[in-house]
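Novice: Sharing a structure here in structure tokens format.
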Amino acid sequence: MSAPRTSRSPDLQRLVDDGYDVAIVGGFLVVRDVPYVDRYRQVRRGQLVSRLDLAGDRTVAPRDHQVWFAGALPCDREGRPLVNMVHFQHERRDLGGGLVVDHWLCSRPIGREFVDYHEKMVTFVNQISGHAAAIDPAASARRGRIVAADPSDSPFHYVDTATSRNGTGRLADRIAGQSVGIVGLGGTGGYVLDFVSKTPVARIHLFDDDEFLQHNAFRAPGAASRDSLGERRAKVDHFDRIYSRLHRGVVPHRVRMGRATVHLLDGMDFVFLCLDDPAAKRPVIERLEDRGVAFVDVGMGLQAGDGGLTGILRVTTSTAEVRDHVWDRNRIPMAGDVAGDPYSTNIQVVELNALNAALAVIRWKRLFGFYVDLGAEYFATYDVAGNYIINEDISTIT
């Protein structure tokens with residue numbers, strides 16, 4: 001992930017000015033080339049890795065007093081493990097972005113937390129490298145070299161500290177770099193975009209030819225201003241303006257998806273189909289299958305009664321390995337009149353849109369190993385009135 005300018009965070013800039021080898025990788029603050037002593041009283045070099053909390057591109061005070069250490073077990077000058085600060089030995093973890101750590105260290109100022117990252121990292125450096133300096137007076141972590149992450153490596157405009165704080169970087173790597181398409185930016189499609197924009201995919205292609213109007217504002221994530229509604233922007237441009245503030249790879253296409261434009265989906269790694277019109281789906285699905293592209297199709301059917309609304313949310317998954325259910329069991333409506341469905345009248349059920357999108361995005365993440373996939377279902381429905389999910393078309397492919 002990309003690094004903020006250290007000049008905008010005085011504590012990070014001080015680390016640089018002091019000559020430490022500093023980098024920000026995957027939302028973690030890294031100090032490299034830290035000398036330490038191993039159990040054989042040999043001076044070696046490792047690296048300290050800390051979670052990094054930011055407000056925009058500026059650091060805030062650290063929220064913890066722990067770091068990871070990449071290297072052998074750090075010891076004192078006599079080769080005895082530093083048991084007072086090594087919280088977990090041999091806690092080897094892959095944090096993502098090429099960061100693999102081995103031990104979990106803990107150190108805290110008496111009666112308080114660290115005031116900034118300069119104090120935090122220098123404290124750990126001194127406690128570890130002081131023993132190395134007792135053996136080799138030239139051993140120092142202040143070597144005057146700066147290594148920062150390349151901003152072009154990140155799809156985000158600012159560092160993803162949520163992933164680093166939760167330690168899920170290696171899992172996020174499994175979907176990193178994908179090109180994802182979202183066809184249809186009605187109620188559900190907008191929420192799919194909201195969720196996908198927080199992931200490290202390379203590109204998010206948006207396909208819709210409609211304008212973003214007042215009724216759309218009540219079905220979409222966020223809060224559109226009255227002035228923005230007056231501009232009558234295309235949906236793709238409305239969402240591009242918002243989500244490009246976070247993700248660098250949003251690509252708007254103001255087109256109606258059909259046989260003349262379906263080729264725009266060629267080369268996608270995954271596609272979310274969020275089309276309200278069943279008749280528009282057939283050419284899209286046929287093209288995706290022909291090109292071997294995996295996709296999820298979402299749908300919603302509602303009925304109004306005296307007691308309230310009832311209905312079903314649907315998530316149908318199709319991959320190169322599992323597709324027959326789409327046609328043999330008619331799992332995706334591709335014809336018919338939706339005029340009698342209350343949902344087609346733009347009824348405001350934004351929570352159902354968000355839920356339908358969440359189920360679809362979770363299914364995508366399960367397919368690629370971000371979440372464990374014990375269900376392996378390729379067709380799922382959620383019953384609104386009964387509040388339950390039914391999984392069908394279970395795959396036996398492992």
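In the structure tokens, the first chain shown is A, the next is B, and so on; residue numbers restart at 1 for each chain, and ligands run from 1 in the order shown.
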What are the closest atom pairs, with distances in Å to one decimal, for each residue of segment 177-211 of chain A lying within 9 Å of segment 219-222 of chain A, using only C-alpha atoms, rows by chain and rising residue number, as CSV?

Specialist:
```
residue,atom,partner,partner_atom,distance
A:Leu185,CA,A:Ala220,CA,8.7
A:Gly186,CA,A:Arg219,CA,7.4
A:Gly187,CA,A:Arg219,CA,4.7
A:Thr188,CA,A:Ala220,CA,7.9
A:Gly189,CA,A:Ala220,CA,8.6
A:Gly190,CA,A:Ala220,CA,5.8
A:Tyr191,CA,A:Pro221,CA,6.1
A:Asp194,CA,A:Pro221,CA,7.2
```

Novice: Do a neighbour search on Gly177 of chain A at 9 Å with only C-alpha atoms, toss out local chain neighbours closer than 2 positions, and write the hits as a ChimeraX atom specification.

Specialist: /A:155,173-175,179,200-203

Novice: Can you spit out the residues from that selection as a compact mmCIF listing (two decimals), in the first residue's frame, using C-alpha atoms?

Specialist:
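Generated output (part.txt):
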```txt
# COMPACT_ATOMS: atom_id res chain seq x y z
CA PRO A 155 -5.05 1.05 -5.50
CA ASP A 173 -3.81 -10.38 -1.26
CA ARG A 174 -6.01 -13.16 -2.63
CA ILE A 175 -8.29 -10.64 -4.34
CA SER A 179 -10.47 -6.30 -12.45
CA PRO A 200 -7.32 -3.93 -3.07
CA VAL A 201 -8.67 -4.84 -6.51
CA ALA A 202 -6.90 -3.06 -9.34
CA ARG A 203 -9.93 -1.85 -11.32
```

Novice: Write out as a list in words all residues of segment 101-231 of chain A that backbone DSSP assigns to strand (DSSP E or B).

Specialist: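 Selecting the strand (DSSP E or B) positions of segment 101-231 of chain A gives Val101, His103, Trp104, Leu105, Cys106, Arg142, Phe156, Ser179, Val180, Gly181, Ile182, Val183, Arg203, Ile204, His205, Leu206, Phe207 and Glu211 of chain A.
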
Novice: For the residues in the current selection, export N, CA and C atoms as a short mmCIF file (atom, residue, chain, number, x, y, z; two decimals), in the first residue's frame.

Specialist:
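The file below, again.cif, is the result:
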```
data_model
loop_
_atom_site.label_atom_id
_atom_site.label_comp_id
_atom_site.auth_asym_id
_atom_site.auth_seq_id
_atom_site.Cartn_x
_atom_site.Cartn_y
_atom_site.Cartn_z
N VAL A 101 6.53 -11.91 9.81
CA VAL A 101 7.11 -11.60 11.12
C VAL A 101 7.18 -12.87 11.95
N HIS A 103 7.97 -12.74 15.83
CA HIS A 103 7.76 -12.62 17.27
C HIS A 103 6.90 -11.39 17.57
N TRP A 104 6.23 -11.43 18.69
CA TRP A 104 5.34 -10.35 19.14
C TRP A 104 5.94 -9.74 20.39
N LEU A 105 6.29 -8.46 20.31
CA LEU A 105 6.99 -7.79 21.41
C LEU A 105 6.08 -6.76 22.08
N CYS A 106 6.35 -6.53 23.36
CA CYS A 106 5.54 -5.60 24.12
C CYS A 106 6.44 -4.76 25.02
N ARG A 142 20.53 3.39 12.85
CA ARG A 142 20.49 4.69 12.17
C ARG A 142 21.54 4.69 11.06
N PHE A 156 -5.27 2.46 -3.52
CA PHE A 156 -5.91 3.45 -2.67
C PHE A 156 -5.14 4.77 -2.68
N SER A 179 -9.61 -7.25 -11.75
CA SER A 179 -10.47 -6.30 -12.45
C SER A 179 -11.90 -6.77 -12.26
N VAL A 180 -12.69 -5.95 -11.60
CA VAL A 180 -14.05 -6.32 -11.24
C VAL A 180 -15.03 -5.42 -11.99
N GLY A 181 -16.08 -6.02 -12.53
CA GLY A 181 -17.13 -5.25 -13.20
C GLY A 181 -18.40 -5.25 -12.38
N ILE A 182 -19.09 -4.10 -12.35
CA ILE A 182 -20.40 -3.99 -11.71
C ILE A 182 -21.37 -3.49 -12.77
N VAL A 183 -22.30 -4.34 -13.17
CA VAL A 183 -23.26 -4.00 -14.22
C VAL A 183 -24.59 -3.64 -13.56
N ARG A 203 -8.97 -2.65 -10.56
CA ARG A 203 -9.93 -1.85 -11.32
C ARG A 203 -11.35 -2.23 -10.93
N ILE A 204 -12.21 -1.20 -10.88
CA ILE A 204 -13.64 -1.42 -10.64
C ILE A 204 -14.37 -0.73 -11.79
N HIS A 205 -14.84 -1.51 -12.74
CA HIS A 205 -15.52 -0.96 -13.92
C HIS A 205 -17.02 -0.85 -13.64
N LEU A 206 -17.57 0.34 -13.87
CA LEU A 206 -18.98 0.61 -13.62
C LEU A 206 -19.72 0.72 -14.96
N PHE A 207 -20.86 0.04 -15.06
CA PHE A 207 -21.63 0.03 -16.30
C PHE A 207 -23.08 0.40 -16.00
N GLU A 211 -29.31 8.23 -15.47
CA GLU A 211 -28.93 9.37 -14.65
C GLU A 211 -29.20 9.08 -13.18
#
```

Novice: Determine, counting only C-alpha atoms, which protein, DNA and RNA residues have an atom within 6 Å of an atom of segment 32-34 of chain A; residues of the same chain fewer than 4 positions away are not included. Present the result as a list in words.

Specialist: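 The filter keeps Asp21, Arg45, Gly46, Gln47 and Ala141 of chain A.
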
Novice: Take the residues from that selection and put them in a file with C-alpha atoms, as a PDB file, in the first residue's frame.

Specialist:
```pdb
ATOM      1  CA  ASP A  21      15.429   2.783   7.407  1.00  0.00           C
ATOM      2  CA  ARG A  45      19.665  -7.495  11.764  1.00  0.00           C
ATOM      3  CA  GLY A  46      15.887  -7.696  11.755  1.00  0.00           C
ATOM      4  CA  GLN A  47      12.953  -5.375  11.398  1.00  0.00           C
ATOM      5  CA  ALA A 141      19.815   1.105  13.259  1.00  0.00           C
TER       6      ALA A 141
END
```
